[in-house]
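Asks: Following this message is one structure expressed as structure tokens.
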Amino acid sequence: MKNEKTKVLVVFEDGREPLEAIAKRMKTSLVDKATVKTRCASEVAVAEILAADAYAFGVSDSSAPAWAEIKRLFTGMNLAGRKAGFFTEKPGVADGLKASFEPAELAVSAQALVADKPDAAEAWIKALIVAK
């Protein structure tokens, strides 16, 4: 049996450099453990969403226009049990996006990563992909 790496999709809000920097740091930290794609929210393809085993979403404003298409897609996708986590610029800003993603039935991590602690990004993403 082939031992495949976990496929992780890291999506960050368009134009938010602190979130993009964390996304890149996550990708670098997982190079040996997972296959990671990083995309800004407006550029994510349906095929990338469907191919992923886990997701990390970088959010500054859950009502930003960049999230509109992903919100629409997630109302019709069943991603039940796939792991997801949120990293943000400030505590609590991902709550609206979490609520929008509920129809997709993701297994959402309760612990969000706040961008003021970028050094914690590596441990956070590794914990996300190995969480049961």
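Chain labels A, B, ... are given in the sequence in which chains occur in the structure tokens; within each chain residues are numbered consecutively from 1, and ligands are likewise numbered from 1 in the order shown.
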Report the residues of chain A whose backbone DSSP state falls under alpha helix (DSSP H), written as number ranges by chain.

Replies: A: 17-29, 46-51, 68-74, 95-101, 121-130

Asks: With C-alpha atoms retained, could you export that selection as a CSV table (one decimal), in the first residue's frame?

Replies:
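Final file, part-v4.csv:
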```csv
chain,number,residue,atom,x,y,z
A,17,GLU,CA,0.1,40.2,3.9
A,18,PRO,CA,0.3,39.0,7.6
A,19,LEU,CA,-2.0,36.1,6.7
A,20,GLU,CA,-0.1,35.3,3.5
A,21,ALA,CA,3.2,35.2,5.4
A,22,ILE,CA,1.7,32.7,7.9
A,23,ALA,CA,0.4,30.6,5.0
A,24,LYS,CA,3.9,30.4,3.5
A,25,ARG,CA,5.4,29.6,6.9
A,26,MET,CA,2.9,26.7,7.2
A,27,LYS,CA,3.8,25.4,3.8
A,28,THR,CA,7.5,25.4,4.6
A,29,SER,CA,7.0,23.7,7.9
A,46,VAL,CA,-13.1,23.7,-6.8
A,47,ALA,CA,-10.7,20.8,-7.7
A,48,GLU,CA,-8.2,22.0,-5.1
A,49,ILE,CA,-11.0,22.1,-2.4
A,50,LEU,CA,-12.2,18.6,-3.3
A,51,ALA,CA,-8.6,17.2,-3.4
A,68,ALA,CA,-18.1,35.0,-1.4
A,69,GLU,CA,-17.4,32.2,-3.9
A,70,ILE,CA,-16.0,29.8,-1.2
A,71,LYS,CA,-19.0,30.4,1.0
A,72,ARG,CA,-21.3,29.7,-2.0
A,73,LEU,CA,-19.4,26.5,-2.8
A,74,PHE,CA,-19.4,25.2,0.8
A,95,ASP,CA,-16.7,33.2,13.6
A,96,GLY,CA,-18.8,34.4,10.6
A,97,LEU,CA,-16.8,32.3,8.2
A,98,LYS,CA,-17.0,29.2,10.5
A,99,ALA,CA,-20.8,29.7,10.5
A,100,SER,CA,-20.9,30.0,6.7
A,101,PHE,CA,-18.9,26.8,6.3
A,121,ALA,CA,2.1,28.6,13.0
A,122,GLU,CA,4.3,25.5,12.6
A,123,ALA,CA,3.1,23.7,15.7
A,124,TRP,CA,-0.5,24.8,15.0
A,125,ILE,CA,-0.7,23.4,11.4
A,126,LYS,CA,1.1,20.2,12.4
A,127,ALA,CA,-1.5,19.7,15.3
A,128,LEU,CA,-4.3,20.4,12.8
A,129,ILE,CA,-3.3,17.7,10.4
A,130,VAL,CA,-2.7,15.0,13.0
```

Asks: Please provide as a PDB file with all heavy atoms, in the first residue's frame all residues within 9 Å of A:Leu106, with the sequence filter that same-chain residues fewer than 2 positions apart are discarded (counting only C-alpha atoms).

Replies:
```pdb
ATOM      1  N   ASN A  78     -20.155  18.457   0.425  1.00  0.00           N
ATOM      2  CA  ASN A  78     -20.076  17.651   1.636  1.00  0.00           C
ATOM      3  C   ASN A  78     -18.617  17.284   1.850  1.00  0.00           C
ATOM      4  O   ASN A  78     -18.061  16.458   1.147  1.00  0.00           O
ATOM      5  CB  ASN A  78     -20.927  16.386   1.511  1.00  0.00           C
ATOM      6  CG  ASN A  78     -20.919  15.567   2.774  1.00  0.00           C
ATOM      7  OD1 ASN A  78     -20.120  15.796   3.681  1.00  0.00           O
ATOM      8  ND2 ASN A  78     -21.812  14.613   2.850  1.00  0.00           N
ATOM      9  N   LEU A  79     -18.017  17.929   2.829  1.00  0.00           N
ATOM     10  CA  LEU A  79     -16.616  17.684   3.178  1.00  0.00           C
ATOM     11  C   LEU A  79     -16.541  17.079   4.574  1.00  0.00           C
ATOM     12  O   LEU A  79     -15.574  17.284   5.305  1.00  0.00           O
ATOM     13  CB  LEU A  79     -15.828  18.999   3.102  1.00  0.00           C
ATOM     14  CG  LEU A  79     -15.889  19.722   1.755  1.00  0.00           C
ATOM     15  CD1 LEU A  79     -15.248  21.100   1.840  1.00  0.00           C
ATOM     16  CD2 LEU A  79     -15.240  18.896   0.665  1.00  0.00           C
ATOM     17  N   ALA A  80     -17.574  16.331   4.920  1.00  0.00           N
ATOM     18  CA  ALA A  80     -17.744  15.798   6.276  1.00  0.00           C
ATOM     19  C   ALA A  80     -16.490  15.124   6.808  1.00  0.00           C
ATOM     20  O   ALA A  80     -15.911  14.251   6.161  1.00  0.00           O
ATOM     21  CB  ALA A  80     -18.904  14.819   6.319  1.00  0.00           C
ATOM     22  N   GLY A  81     -16.077  15.578   7.987  1.00  0.00           N
ATOM     23  CA  GLY A  81     -14.959  14.969   8.679  1.00  0.00           C
ATOM     24  C   GLY A  81     -13.589  15.467   8.276  1.00  0.00           C
ATOM     25  O   GLY A  81     -12.606  15.187   8.952  1.00  0.00           O
ATOM     26  N   ARG A  82     -13.500  16.225   7.199  1.00  0.00           N
ATOM     27  CA  ARG A  82     -12.187  16.765   6.826  1.00  0.00           C
ATOM     28  C   ARG A  82     -11.826  17.874   7.818  1.00  0.00           C
ATOM     29  O   ARG A  82     -12.655  18.671   8.207  1.00  0.00           O
ATOM     30  CB  ARG A  82     -12.199  17.315   5.401  1.00  0.00           C
ATOM     31  CG  ARG A  82     -12.469  16.212   4.386  1.00  0.00           C
ATOM     32  CD  ARG A  82     -12.281  16.719   2.989  1.00  0.00           C
ATOM     33  NE  ARG A  82     -12.916  15.812   2.040  1.00  0.00           N
ATOM     34  CZ  ARG A  82     -12.823  15.935   0.731  1.00  0.00           C
ATOM     35  NH1 ARG A  82     -12.113  16.916   0.207  1.00  0.00           N
ATOM     36  NH2 ARG A  82     -13.427  15.089  -0.061  1.00  0.00           N
ATOM     37  N   LYS A  83     -10.575  17.893   8.203  1.00  0.00           N
ATOM     38  CA  LYS A  83     -10.111  18.815   9.230  1.00  0.00           C
ATOM     39  C   LYS A  83      -9.978  20.230   8.679  1.00  0.00           C
ATOM     40  O   LYS A  83      -9.549  20.415   7.542  1.00  0.00           O
ATOM     41  CB  LYS A  83      -8.773  18.353   9.780  1.00  0.00           C
ATOM     42  CG  LYS A  83      -8.847  16.984  10.393  1.00  0.00           C
ATOM     43  CD  LYS A  83      -7.465  16.429  10.638  1.00  0.00           C
ATOM     44  CE  LYS A  83      -7.571  14.956  10.977  1.00  0.00           C
ATOM     45  NZ  LYS A  83      -6.293  14.304  10.920  1.00  0.00           N
ATOM     46  N   ALA A  84     -10.328  21.199   9.512  1.00  0.00           N
ATOM     47  CA  ALA A  84     -10.200  22.607   9.135  1.00  0.00           C
ATOM     48  C   ALA A  84      -9.849  23.429  10.358  1.00  0.00           C
ATOM     49  O   ALA A  84     -10.267  23.118  11.476  1.00  0.00           O
ATOM     50  CB  ALA A  84     -11.494  23.120   8.517  1.00  0.00           C
ATOM     51  N   PHE A 101     -19.451  28.074   6.757  1.00  0.00           N
ATOM     52  CA  PHE A 101     -18.919  26.794   6.297  1.00  0.00           C
ATOM     53  C   PHE A 101     -19.619  25.587   6.932  1.00  0.00           C
ATOM     54  O   PHE A 101     -19.352  24.451   6.562  1.00  0.00           O
ATOM     55  CB  PHE A 101     -17.416  26.704   6.594  1.00  0.00           C
ATOM     56  CG  PHE A 101     -16.558  27.613   5.744  1.00  0.00           C
ATOM     57  CD1 PHE A 101     -15.187  27.635   5.943  1.00  0.00           C
ATOM     58  CD2 PHE A 101     -17.075  28.435   4.759  1.00  0.00           C
ATOM     59  CE1 PHE A 101     -14.361  28.453   5.172  1.00  0.00           C
ATOM     60  CE2 PHE A 101     -16.269  29.263   3.996  1.00  0.00           C
ATOM     61  CZ  PHE A 101     -14.909  29.268   4.198  1.00  0.00           C
ATOM     62  N   GLU A 102     -20.506  25.803   7.897  1.00  0.00           N
ATOM     63  CA  GLU A 102     -21.160  24.687   8.590  1.00  0.00           C
ATOM     64  C   GLU A 102     -21.844  23.678   7.663  1.00  0.00           C
ATOM     65  O   GLU A 102     -21.771  22.481   7.916  1.00  0.00           O
ATOM     66  CB  GLU A 102     -22.139  25.216   9.639  1.00  0.00           C
ATOM     67  CG  GLU A 102     -21.440  25.702  10.881  1.00  0.00           C
ATOM     68  CD  GLU A 102     -22.400  26.245  11.934  1.00  0.00           C
ATOM     69  OE1 GLU A 102     -23.638  26.135  11.768  1.00  0.00           O
ATOM     70  OE2 GLU A 102     -21.892  26.790  12.929  1.00  0.00           O
ATOM     71  N   PRO A 103     -22.512  24.107   6.574  1.00  0.00           N
ATOM     72  CA  PRO A 103     -23.152  23.119   5.697  1.00  0.00           C
ATOM     73  C   PRO A 103     -22.186  22.087   5.118  1.00  0.00           C
ATOM     74  O   PRO A 103     -22.597  20.980   4.768  1.00  0.00           O
ATOM     75  CB  PRO A 103     -23.772  23.964   4.585  1.00  0.00           C
ATOM     76  CG  PRO A 103     -23.994  25.303   5.200  1.00  0.00           C
ATOM     77  CD  PRO A 103     -22.829  25.480   6.150  1.00  0.00           C
ATOM     78  N   ALA A 104     -20.911  22.410   5.012  1.00  0.00           N
ATOM     79  CA  ALA A 104     -19.922  21.482   4.448  1.00  0.00           C
ATOM     80  C   ALA A 104     -19.515  20.401   5.443  1.00  0.00           C
ATOM     81  O   ALA A 104     -18.860  19.433   5.075  1.00  0.00           O
ATOM     82  CB  ALA A 104     -18.682  22.248   3.984  1.00  0.00           C
ATOM     83  N   VAL A 108     -14.017  21.235  12.430  1.00  0.00           N
ATOM     84  CA  VAL A 108     -13.314  22.491  12.693  1.00  0.00           C
ATOM     85  C   VAL A 108     -12.596  22.455  14.034  1.00  0.00           C
ATOM     86  O   VAL A 108     -13.192  22.114  15.063  1.00  0.00           O
ATOM     87  CB  VAL A 108     -14.295  23.687  12.647  1.00  0.00           C
ATOM     88  CG1 VAL A 108     -13.585  24.988  12.985  1.00  0.00           C
ATOM     89  CG2 VAL A 108     -14.948  23.780  11.278  1.00  0.00           C
TER      90      VAL A 108
END
```

Asks: Measure the distance from atom CA of A:Val93 to atom CA of A:Ala34 in Å and round it to one decimal.

Replies: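 Value for the atom CA of A:Val93-atom CA of A:Ala34 distance: 27.2 Å.
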
Asks: Could you work out how far atom CA of A:Thr88 lies from atom CA of A:Glu105, giving the answer in Å with one decimal?

Replies: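 Between atom CA of A:Glu105 and atom CA of A:Thr88 the gap is 20.8 Å.
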
Asks: Would you mind reading off the distance between atom CA of A:Lys5 and atom CA of A:Ser60, one decimal, in Å?

Replies: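 Going from atom CA of A:Lys5 over to atom CA of A:Ser60, I get 29.2 Å.
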
Asks: Between A:Thr6, A:Asp61, A:Phe87, A:Ala94, single out the one closest to A:Asp116, counting only C-alpha atoms.

Replies: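 The closest residue to A:Asp116 is A:Phe87.
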
Asks: Of the residues A:Leu9, A:Ala120, A:Ala110, A:Met77, which is the one nearest to A:Val36, using only C-alpha atoms?

Replies: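 Between A:Leu9, A:Ala120, A:Ala110, A:Met77, the residue approaching A:Val36 most closely is A:Leu9.
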
Asks: Taking the DSSP assignment computed from this structure's backbone, write out as a count of residues only all residues of chain A that belong to strand (DSSP E).

Replies: 30

Asks: Taking into account only C-alpha atoms, which residue in the set A:Ala115, A:Ala52, A:Val31, A:Val8 is nearest to A:Pro91?

Replies: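 Nearest candidate to A:Pro91 out of A:Ala115, A:Ala52, A:Val31, A:Val8: A:Ala115.
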